[in-house]
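Pasted below: run_24.tsv, TSV, C-alpha atoms and all ligand atoms.
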```tsv
chain	number	residue	atom	x	y	z
P	1	MET	CA	124.79	129.87	172.62
P	2	ARG	CA	122.27	127.80	174.57
P	3	ASN	CA	119.74	126.06	172.35
P	4	VAL	CA	116.05	126.45	173.09
P	5	ILE	CA	113.32	124.78	171.05
P	6	VAL	CA	110.08	126.78	170.82
P	7	THR	CA	107.16	124.95	169.24
P	8	GLY	CA	104.67	127.11	167.41
P	9	GLY	CA	107.35	129.77	167.14
P	10	SER	CA	106.13	131.21	163.84
P	11	ARG	CA	103.26	133.40	165.02
P	12	GLY	CA	101.50	134.80	168.06
P	13	ILE	CA	102.85	134.03	171.50
P	14	GLY	CA	105.49	131.60	170.20
P	15	LEU	CA	107.00	134.19	167.86
P	16	GLY	CA	107.09	136.68	170.73
P	17	ILE	CA	108.94	134.13	172.86
P	18	CYS	CA	111.45	133.48	170.05
P	19	ARG	CA	112.11	137.19	169.58
P	20	LYS	CA	112.69	137.65	173.28
P	21	LEU	CA	114.97	134.63	173.67
P	22	ALA	CA	117.05	135.46	170.60
P	23	ALA	CA	117.54	138.98	171.98
P	24	GLU	CA	118.59	137.53	175.34
P	25	GLY	CA	121.42	135.53	173.75
P	26	TYR	CA	119.86	132.11	173.23
P	27	ARG	CA	119.81	130.25	169.94
P	28	VAL	CA	116.10	129.64	169.34
P	29	ILE	CA	114.86	126.89	167.09
P	30	ALA	CA	111.28	127.68	166.14
P	31	ILE	CA	109.11	124.80	164.98
P	32	ALA	CA	105.89	125.23	163.01
P	33	ARG	CA	104.34	123.92	159.81
P	34	THR	CA	104.73	127.04	157.70
P	35	GLN	CA	106.86	130.16	157.40
P	36	ASN	CA	105.28	133.60	157.13
P	37	GLY	CA	106.32	137.21	156.60
P	38	GLN	CA	106.32	138.14	160.27
P	39	LEU	CA	108.58	135.23	161.08
P	40	ALA	CA	110.97	136.02	158.22
P	41	GLU	CA	111.25	139.61	159.44
P	42	ALA	CA	111.94	138.57	163.04
P	43	MET	CA	114.57	136.10	161.83
P	44	ARG	CA	116.28	138.76	159.76
P	45	GLU	CA	116.34	141.14	162.72
P	46	ALA	CA	117.81	138.49	165.00
P	47	GLU	CA	120.35	137.50	162.37
P	48	ASP	CA	121.58	141.10	162.08
P	49	ARG	CA	121.98	141.42	165.80
P	50	ASN	CA	123.34	138.00	166.60
P	51	PRO	CA	124.07	135.62	163.71
P	52	GLY	CA	122.63	132.13	164.11
P	53	SER	CA	120.36	133.12	166.99
P	54	PHE	CA	117.03	132.36	165.27
P	55	GLN	CA	116.49	129.15	163.30
P	56	PHE	CA	113.31	127.76	161.82
P	57	VAL	CA	112.41	124.12	161.26
P	58	SER	CA	109.26	123.21	159.38
P	59	PHE	CA	107.52	120.26	160.99
P	60	ASP	CA	103.95	119.15	161.61
P	61	LEU	CA	103.81	118.36	165.31
P	62	SER	CA	100.75	116.18	164.86
P	63	ALA	CA	103.08	113.65	163.14
P	64	ILE	CA	103.88	112.00	166.46
P	65	ASP	CA	105.78	109.09	164.90
P	66	SER	CA	108.31	111.44	163.32
P	67	ILE	CA	109.13	113.25	166.57
P	68	PRO	CA	112.07	110.98	167.56
P	69	ASP	CA	113.77	111.70	164.22
P	70	LEU	CA	113.09	115.41	164.58
P	71	VAL	CA	114.81	115.52	167.96
P	72	GLN	CA	117.73	113.48	166.71
P	73	THR	CA	118.21	115.83	163.76
P	74	LEU	CA	118.04	118.91	165.98
P	75	HIS	CA	120.46	117.41	168.46
P	76	LYS	CA	122.91	116.45	165.73
P	77	GLY	CA	122.63	119.79	163.98
P	78	HIS	CA	122.80	122.10	166.98
P	79	GLY	CA	124.24	120.14	169.89
P	80	ALA	CA	122.89	119.95	173.43
P	81	ILE	CA	119.39	121.27	173.97
P	82	TYR	CA	119.09	123.52	177.01
P	83	GLY	CA	115.44	124.46	176.86
P	84	LEU	CA	112.13	123.32	175.45
P	85	VAL	CA	109.08	125.57	175.27
P	86	ASN	CA	105.96	123.61	174.40
P	87	ASN	CA	103.89	126.45	173.01
P	88	ALA	CA	102.24	125.16	169.81
P	89	GLY	CA	98.56	124.67	170.34
P	90	ILE	CA	95.24	124.80	168.58
P	91	SER	CA	91.76	125.64	169.76
P	92	PHE	CA	88.33	124.77	168.41
P	93	HIS	CA	85.45	126.56	170.02
P	94	GLY	CA	82.37	124.41	170.16
P	95	ILE	CA	79.71	122.78	172.24
P	96	LEU	CA	80.96	119.35	173.26
P	97	SER	CA	77.76	117.54	172.29
P	98	GLN	CA	78.17	118.86	168.75
P	99	MET	CA	81.90	118.49	168.36
P	100	PRO	CA	83.07	115.94	165.78
P	101	THR	CA	85.11	113.23	167.45
P	102	ALA	CA	87.86	113.73	164.88
P	103	GLN	CA	88.19	117.32	166.10
P	104	ILE	CA	88.43	116.16	169.71
P	105	GLU	CA	91.18	113.75	168.73
P	106	GLN	CA	93.04	116.43	166.80
P	107	LEU	CA	92.97	118.77	169.80
P	108	VAL	CA	94.31	116.11	172.14
P	109	ARG	CA	96.94	115.07	169.61
P	110	VAL	CA	98.38	118.55	168.99
P	111	ASN	CA	97.92	120.01	172.48
P	112	THR	CA	98.65	117.01	174.69
P	113	THR	CA	100.20	113.94	173.05
P	114	SER	CA	102.60	115.84	170.83
P	115	PRO	CA	104.20	117.99	173.56
P	116	ILE	CA	104.46	114.98	175.86
P	117	VAL	CA	106.22	112.86	173.22
P	118	LEU	CA	108.45	115.75	172.19
P	119	THR	CA	109.39	116.26	175.83
P	120	LYS	CA	110.13	112.54	176.16
P	121	TYR	CA	112.83	112.71	173.50
P	122	VAL	CA	114.22	116.10	174.46
P	123	VAL	CA	114.42	115.19	178.13
P	124	ARG	CA	116.59	112.21	177.20
P	125	THR	CA	119.18	114.48	175.69
P	126	MET	CA	118.91	116.74	178.76
P	127	MET	CA	119.43	113.72	181.01
P	128	ALA	CA	122.57	112.85	179.16
P	129	GLY	CA	123.72	116.46	179.45
P	130	GLY	CA	122.88	116.86	183.14
P	131	GLY	CA	120.33	119.67	183.15
P	132	GLY	CA	117.79	121.74	181.28
P	133	ARG	CA	114.55	123.72	181.33
P	134	ILE	CA	111.08	122.82	180.15
P	135	VAL	CA	108.23	125.32	179.94
P	136	ASN	CA	104.72	124.28	178.95
P	137	ILE	CA	102.28	126.89	177.74
P	138	ALA	CA	98.99	126.02	179.40
P	139	SER	CA	96.14	128.51	179.84
P	140	ILE	CA	93.96	129.96	182.57
P	141	ILE	CA	91.28	127.74	181.00
P	142	ALA	CA	93.15	124.83	182.62
P	143	SER	CA	91.86	125.94	185.99
P	144	THR	CA	88.76	128.03	185.23
P	145	GLY	CA	85.78	127.11	183.12
P	146	TYR	CA	84.73	128.52	179.78
P	147	SER	CA	81.70	127.30	177.89
P	148	GLY	CA	82.68	125.99	174.45
P	149	LEU	CA	86.25	125.20	175.44
P	150	SER	CA	85.85	121.96	177.39
P	151	VAL	CA	88.15	119.88	175.21
P	152	TYR	CA	90.69	122.66	174.87
P	153	GLY	CA	90.48	123.10	178.67
P	154	ALA	CA	91.10	119.38	179.14
P	155	THR	CA	94.24	119.55	177.01
P	156	LYS	CA	95.54	122.59	178.87
P	157	SER	CA	95.02	121.09	182.33
P	158	SER	CA	96.72	117.94	181.05
P	159	LEU	CA	99.83	120.08	180.64
P	160	THR	CA	99.76	121.44	184.18
P	161	GLY	CA	99.39	117.90	185.56
P	162	PHE	CA	102.20	116.73	183.31
P	163	THR	CA	104.35	119.62	184.54
P	164	ARG	CA	103.99	118.76	188.21
P	165	SER	CA	104.78	115.05	187.98
P	166	LEU	CA	107.58	115.42	185.45
P	167	ALA	CA	109.18	118.07	187.66
P	168	ARG	CA	109.35	115.44	190.41
P	169	GLU	CA	110.75	112.85	188.05
P	170	VAL	CA	113.60	114.86	186.53
P	171	GLY	CA	114.43	117.27	189.36
P	172	ARG	CA	117.32	115.14	190.55
P	173	MET	CA	119.00	115.73	187.22
P	174	GLY	CA	118.87	119.49	187.41
P	175	ILE	CA	115.97	119.82	184.98
P	176	THR	CA	113.15	122.22	185.88
P	177	VAL	CA	109.63	121.90	184.48
P	178	ASN	CA	107.08	124.71	184.75
P	179	SER	CA	103.91	125.94	183.10
P	180	VAL	CA	102.88	129.41	182.07
P	181	ALA	CA	99.15	130.06	182.03
P	182	PRO	CA	98.25	133.06	179.87
P	183	GLY	CA	94.88	134.72	180.01
P	184	PHE	CA	93.30	136.16	176.87
P	185	ILE	CA	96.04	137.38	174.50
P	186	ASP	CA	95.46	138.98	171.10
P	187	THR	CA	96.65	136.45	168.49
P	188	ASP	CA	95.27	134.52	165.49
P	189	LEU	CA	93.98	131.96	167.97
P	190	THR	CA	91.65	134.47	169.61
P	191	GLN	CA	90.76	136.42	166.47
P	192	SER	CA	87.13	135.33	166.64
P	193	VAL	CA	86.65	136.91	170.05
P	194	GLN	CA	85.93	140.58	169.34
P	195	GLY	CA	83.99	143.64	170.46
P	196	GLU	CA	81.75	143.41	173.47
P	197	HIS	CA	83.02	140.01	174.43
P	198	ARG	CA	86.60	141.14	174.52
P	199	GLN	CA	85.66	144.20	176.56
P	200	LYS	CA	83.97	141.95	179.07
P	201	ILE	CA	87.16	139.96	179.54
P	202	GLU	CA	89.12	143.18	179.92
P	203	HIS	CA	86.64	144.48	182.45
P	204	ARG	CA	86.77	141.31	184.49
P	205	SER	CA	90.55	141.59	184.88
P	206	ALA	CA	91.92	143.15	188.05
P	207	LEU	CA	94.09	145.51	186.02
P	208	ARG	CA	91.25	146.37	183.60
P	209	ARG	CA	93.35	145.42	180.62
P	210	LEU	CA	94.56	142.35	178.77
P	211	ALA	CA	97.97	140.73	179.13
P	212	GLU	CA	100.10	140.83	175.98
P	213	ILE	CA	102.40	138.55	174.05
P	214	ASP	CA	105.44	140.28	175.59
P	215	ASP	CA	104.22	139.54	179.10
P	216	VAL	CA	104.10	135.83	178.33
P	217	ALA	CA	107.50	135.98	176.61
P	218	ASN	CA	109.01	137.66	179.68
P	219	ALA	CA	107.61	134.97	181.95
P	220	VAL	CA	109.08	132.24	179.76
P	221	GLU	CA	112.44	133.99	179.58
P	222	PHE	CA	112.48	134.25	183.37
P	223	LEU	CA	111.75	130.55	183.83
P	224	LEU	CA	114.59	129.67	181.45
P	225	SER	CA	117.04	131.94	183.20
P	226	GLU	CA	119.47	131.32	186.05
P	227	ARG	CA	117.22	133.44	188.25
P	228	ALA	CA	114.57	130.72	188.17
P	229	LYS	CA	116.88	127.86	189.06
P	230	ASN	CA	114.91	127.02	192.19
P	231	ILE	CA	111.47	127.16	190.63
P	232	THR	CA	109.98	123.91	189.37
P	233	GLY	CA	106.62	122.15	189.13
P	234	THR	CA	104.62	125.33	189.24
P	235	VAL	CA	102.24	127.42	187.14
P	236	LEU	CA	102.95	131.08	186.44
P	237	THR	CA	99.72	132.89	185.55
P	238	VAL	CA	99.96	135.86	183.19
P	239	ASP	CA	96.45	137.25	182.85
P	240	ALA	CA	96.38	140.84	184.17
P	241	GLY	CA	94.49	139.46	187.14
P	242	ASN	CA	91.63	137.93	185.21
P	243	THR	CA	91.44	134.95	187.53
P	244	ALA	CA	92.59	136.75	190.70
Z	1	MET	CA	134.91	96.09	169.96
Z	2	THR	CA	132.95	93.93	172.40
Z	3	ALA	CA	135.34	94.78	175.20
Z	4	THR	CA	134.95	98.50	174.63
Z	5	ILE	CA	131.16	98.32	174.82
Z	6	ARG	CA	131.39	96.55	178.15
Z	7	SER	CA	133.85	99.05	179.54
Z	8	GLU	CA	131.77	101.95	178.24
Z	9	ILE	CA	128.74	100.53	180.05
Z	10	GLU	CA	130.70	99.91	183.23
Z	11	ALA	CA	132.02	103.45	183.19
Z	12	GLN	CA	128.48	104.83	182.85
Z	13	PHE	CA	127.15	102.70	185.71
Z	14	ILE	CA	129.94	103.96	187.94
Z	15	GLN	CA	129.60	107.59	186.93
Z	16	VAL	CA	125.82	107.77	187.22
Z	17	ALA	CA	125.86	106.00	190.60
Z	18	GLN	CA	128.35	108.58	191.79
Z	19	GLU	CA	126.39	111.55	190.42
Z	20	GLN	CA	123.14	110.34	191.92
Z	21	GLY	CA	124.73	109.36	195.22
Z	22	ASN	CA	123.84	105.67	194.94
Z	23	ARG	CA	126.06	102.85	196.21
Z	24	LEU	CA	126.87	100.56	193.31
Z	25	ALA	CA	127.26	96.79	193.79
Z	26	PRO	CA	130.27	95.08	192.14
Z	27	LEU	CA	129.46	94.71	188.42
Z	28	THR	CA	129.51	90.99	187.76
Z	29	ASP	CA	127.62	89.33	184.92
Z	30	ASP	CA	125.11	87.65	187.21
Z	31	LEU	CA	124.40	90.76	189.28
Z	32	ALA	CA	120.62	91.36	189.18
Z	33	LEU	CA	120.05	94.96	188.09
Z	34	LEU	CA	117.44	95.26	190.83
Z	35	ASP	CA	120.23	94.68	193.35
Z	36	SER	CA	122.75	96.93	191.61
Z	37	GLY	CA	121.93	99.91	193.82
Z	38	LEU	CA	120.65	101.96	190.87
Z	39	ASP	CA	117.02	103.01	190.46
Z	40	SER	CA	114.90	103.50	187.35
Z	41	LEU	CA	115.98	107.11	186.92
Z	42	CYS	CA	119.64	106.08	186.98
Z	43	PHE	CA	118.92	103.53	184.25
Z	44	ALA	CA	117.12	106.16	182.20
Z	45	ILE	CA	120.18	108.41	182.40
Z	46	ILE	CA	122.51	105.54	181.52
Z	47	VAL	CA	120.41	104.58	178.49
Z	48	ALA	CA	120.28	108.21	177.31
Z	49	ARG	CA	124.06	108.60	177.64
Z	50	LEU	CA	124.84	105.29	175.98
Z	51	GLU	CA	122.68	106.35	173.06
Z	52	GLY	CA	124.92	109.38	172.68
Z	53	LEU	CA	128.10	107.33	173.04
Z	54	LEU	CA	127.24	104.18	171.10
Z	55	GLY	CA	124.60	105.57	168.77
Z	56	VAL	CA	121.98	102.99	169.73
Z	57	ASP	CA	119.12	102.67	172.13
Z	58	PRO	CA	118.09	99.00	172.11
Z	59	PHE	CA	114.89	99.90	173.97
Z	60	THR	CA	113.48	102.08	171.20
Z	61	LEU	CA	114.73	99.89	168.34
Z	62	SER	CA	111.88	97.59	169.11
Z	63	ASP	CA	108.83	98.04	171.29
Z	64	ASP	CA	108.95	94.58	172.78
Z	65	VAL	CA	112.43	94.60	174.31
Z	66	LEU	CA	112.09	93.76	177.99
Z	67	PHE	CA	114.40	95.43	180.44
Z	68	PRO	CA	117.27	92.98	181.10
Z	69	VAL	CA	117.43	91.14	184.41
Z	70	THR	CA	121.19	90.93	185.03
Z	71	PHE	CA	124.15	93.13	184.26
Z	72	GLY	CA	125.40	90.47	181.82
Z	73	ASP	CA	122.04	90.61	179.96
Z	74	PHE	CA	122.31	94.39	179.81
Z	75	VAL	CA	125.78	94.25	178.24
Z	76	ARG	CA	124.71	91.55	175.74
Z	77	LEU	CA	121.70	93.60	174.69
Z	78	TYR	CA	124.02	96.45	173.70
Z	79	GLU	CA	126.56	94.14	172.11
Z	80	ASN	CA	123.85	92.66	169.92
Z	81	ALA	CA	122.32	96.02	169.10
Z	82	THR	CA	125.64	97.44	167.90
Z	83	LYS	CA	126.55	94.41	165.79
S	301	LIG	N1	96.02	133.50	172.59
S	301	LIG	C1	95.55	133.26	173.78
S	301	LIG	O1	94.67	133.99	174.28
S	301	LIG	C2	96.07	132.13	174.60
S	301	LIG	C3	95.67	132.06	175.94
S	301	LIG	C4	96.15	131.02	176.73
S	301	LIG	C5	96.98	130.08	176.19
S	301	LIG	N2	97.35	130.14	174.88
S	301	LIG	C6	98.23	129.11	174.37
S	301	LIG	O2	99.39	129.70	173.84
S	301	LIG	C7	99.91	128.90	172.79
S	301	LIG	C8	100.13	129.76	171.54
S	301	LIG	O3	98.91	130.34	171.19
S	301	LIG	P1	98.78	131.52	170.13
S	301	LIG	O4	97.61	132.33	170.56
S	301	LIG	O5	100.07	132.17	169.94
S	301	LIG	O6	98.34	130.69	168.82
S	301	LIG	P2	98.53	131.02	167.26
S	301	LIG	O7	98.74	132.48	167.08
S	301	LIG	O8	97.39	130.36	166.60
S	301	LIG	O9	99.90	130.25	166.91
S	301	LIG	C9	99.98	128.87	167.00
S	301	LIG	C10	101.37	128.42	166.63
S	301	LIG	O10	101.41	126.98	166.69
S	301	LIG	C11	101.82	126.48	165.43
S	301	LIG	N3	101.15	125.20	165.18
S	301	LIG	C12	99.82	124.92	165.24
S	301	LIG	N4	99.60	123.65	164.89
S	301	LIG	C13	100.81	123.10	164.61
S	301	LIG	C14	101.24	121.81	164.18
S	301	LIG	N5	100.37	120.81	163.94
S	301	LIG	N6	102.57	121.61	163.97
S	301	LIG	C15	103.45	122.60	164.18
S	301	LIG	N7	103.11	123.82	164.60
S	301	LIG	C16	101.80	124.07	164.80
S	301	LIG	C17	101.43	127.54	164.42
S	301	LIG	O11	102.19	127.48	163.23
S	301	LIG	P3	101.66	126.78	161.86
S	301	LIG	O12	100.19	127.02	161.79
S	301	LIG	O13	102.45	127.37	160.78
S	301	LIG	O14	101.97	125.33	162.04
S	301	LIG	C18	101.76	128.80	165.21
S	301	LIG	O15	103.15	129.05	165.17
S	301	LIG	C19	98.89	127.78	172.57
S	301	LIG	O16	99.33	126.62	173.24
S	301	LIG	C20	97.64	128.30	173.23
S	301	LIG	O17	96.81	127.28	173.70
S	301	LIG	C21	96.92	131.17	174.07
```
What do you get writing this file as structure tokens?
Amino acid sequence: MRNVIVTGGSRGIGLGICRKLAAEGYRVIAIARTQNGQLAEAMREAEDRNPGSFQFVSFDLSAIDSIPDLVQTLHKGHGAIYGLVNNAGISFHGILSQMPTAQIEQLVRVNTTSPIVLTKYVVRTMMAGGGGRIVNIASIIASTGYSGLSVYGATKSSLTGFTRSLAREVGRMGITVNSVAPGFIDTDLTQSVQGEHRQKIEHRSALRRLAEIDDVANAVEFLLSERAKNITGTVLTVDAGNTA
Amino acid sequence: MTATIRSEIEAQFIQVAQEQGNRLAPLTDDLALLDSGLDSLCFAIIVARLEGLLGVDPFTLSDDVLFPVTFGDFVRLYENATK
């Protein structure tokens, strides 16, 4: 089984990605701080279908200094790492002029520094192995504006910039690096956006509906697959045409 | 032990040069790595593979290790790190 690490794989989009990848025959290693019922159920399902296909590792990704040890442990425990999906992310909605600096730092730490450092250590094992796949979960907010999300937007566009240059750097070794940019998706992260506001987003989309967790999971699965072997350094937007 | 580390390193230089299509200069102790025919990406691959093979990466053991100048320096760095 090919090993794929999915950060933030315990809930929301990340859990959807893990479900999909486990069903497609990968061994997924989900990383998040805490377990929950939904995750346990998905792991049980995957275990019934394909033993060993869904693992969970509890880790706080804001502990940047412990990331090298984490990667070493995963590598030792599971062998070569084929794929890395940098999905874990947080969002604070707030006017920049009122946002506590500690909150700004936390956003940049979890959404930008942590995935970059994690990628640094995982890419080393991929280099030694001669290939691999990296997918960064960005957002349409990386390329469009949204009042109250300036810092979040900065972290998400940092990932698309990271994607492009890293793709150039590691392409010669058979490693692809891409981003997926979801539009509004129903998860815990977007729980506060309800009612009229949500309808507005739906209405603004070309398809008059919202993209779903499964759509993002399918995009990630495609980018990890053989079919995407000649795609690197790009952004795949999954937003039901919201930014079309 | 020392001899095996050197031969392990030599083997990696040769293999990575071949994989990346670079022409490798003869590996003598005073060969400057800049003139070895390998580029920074090749060195990154070599360091990653040696970590797997020898269990050490002298460059992450300490933040202030400078990249060695000659092939001989490179070998000594690994010999010292595995002592
Ligand atoms: N939902 C959307 O509309 C939307 C749109 C565009 C992009 N995105 C992006 O998609 C990704 C997933 O979003 P989501 O909506 O699925 O979010 P979510 O439902 O809030 O899930 C976030 C996941 O990240 C984990 N996580 C958060 N902080 C962590 C930390 N410090 N260490 C380890 N794990 C951590 C969470 O687990 P624990 O809390 O247990 O640690 C959880 O598994 C994010 O990068 C987000 O920016 C989402």
Which polymer residues have any atom within 10 Å of an atom of stretch 64-76 of chain P, counting only C-alpha atoms, with same-chain residues fewer than 5 positions away left out, as a list in words?
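Using only C-alpha atoms, the neighbours found are Asn3, Ile5, Ile29, Val57, Phe59, Ile81, Arg109, Val110, Thr113, Ser114, Pro115, Ile116, Val117, Leu118, Thr119, Lys120, Tyr121, Val122, Arg124 and Thr125 of chain P; Thr60 of chain Z.
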Surrounding residues of stretch 24-29 of chain Z excluding itself and chain neighbours under 4 positions, 7 Å, all atoms listed in the file, as a ChimeraX atom specification:
/Z:17,36-38,70-72
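You will find atom CA of P:Arg208 at 22.9 Å from atom C19 of ligand LIG 301 (chain S).
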If you count all atoms listed in the file, the residue of P:Thr7, P:Asn242, P:Ser158, P:Asn36 closest to P:Arg204 turns out to be P:Asn242
Between atom CA of P:Val238 and atom CA of P:Ile13, what distance in Å does the model show, to one decimal?
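The value is 12.2 Å.
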Chain Z residues near chain P within 10 Å, closest pair each, using all atoms listed in the file, as a Markdown table:
```
| residue | atom | partner | partner_atom | distance |
| --- | --- | --- | --- | --- |
| Z:Glu19 | CA | P:Met173 | CA | 9.1 |
| Z:Gln20 | CA | P:Arg172 | CA | 7.7 |
| Z:Leu41 | CA | P:Glu169 | CA | 7.8 |
| Z:Cys42 | CA | P:Met173 | CA | 9.7 |
| Z:Ala44 | CA | P:Arg124 | CA | 7.9 |
| Z:Ile45 | CA | P:Met127 | CA | 5.5 |
| Z:Ile46 | CA | P:Ala128 | CA | 7.7 |
| Z:Val47 | CA | P:Ala128 | CA | 8.6 |
| Z:Ala48 | CA | P:Arg124 | CA | 5.4 |
| Z:Arg49 | CA | P:Ala128 | CA | 4.8 |
| Z:Leu50 | CA | P:Ala128 | CA | 8.5 |
| Z:Glu51 | CA | P:Ala128 | CA | 8.9 |
| Z:Gly52 | CA | P:Ala128 | CA | 7.7 |
| Z:Leu53 | CA | P:Ala128 | CA | 9.9 |
| Z:Thr60 | CA | P:Pro68 | CA | 9.7 |
```
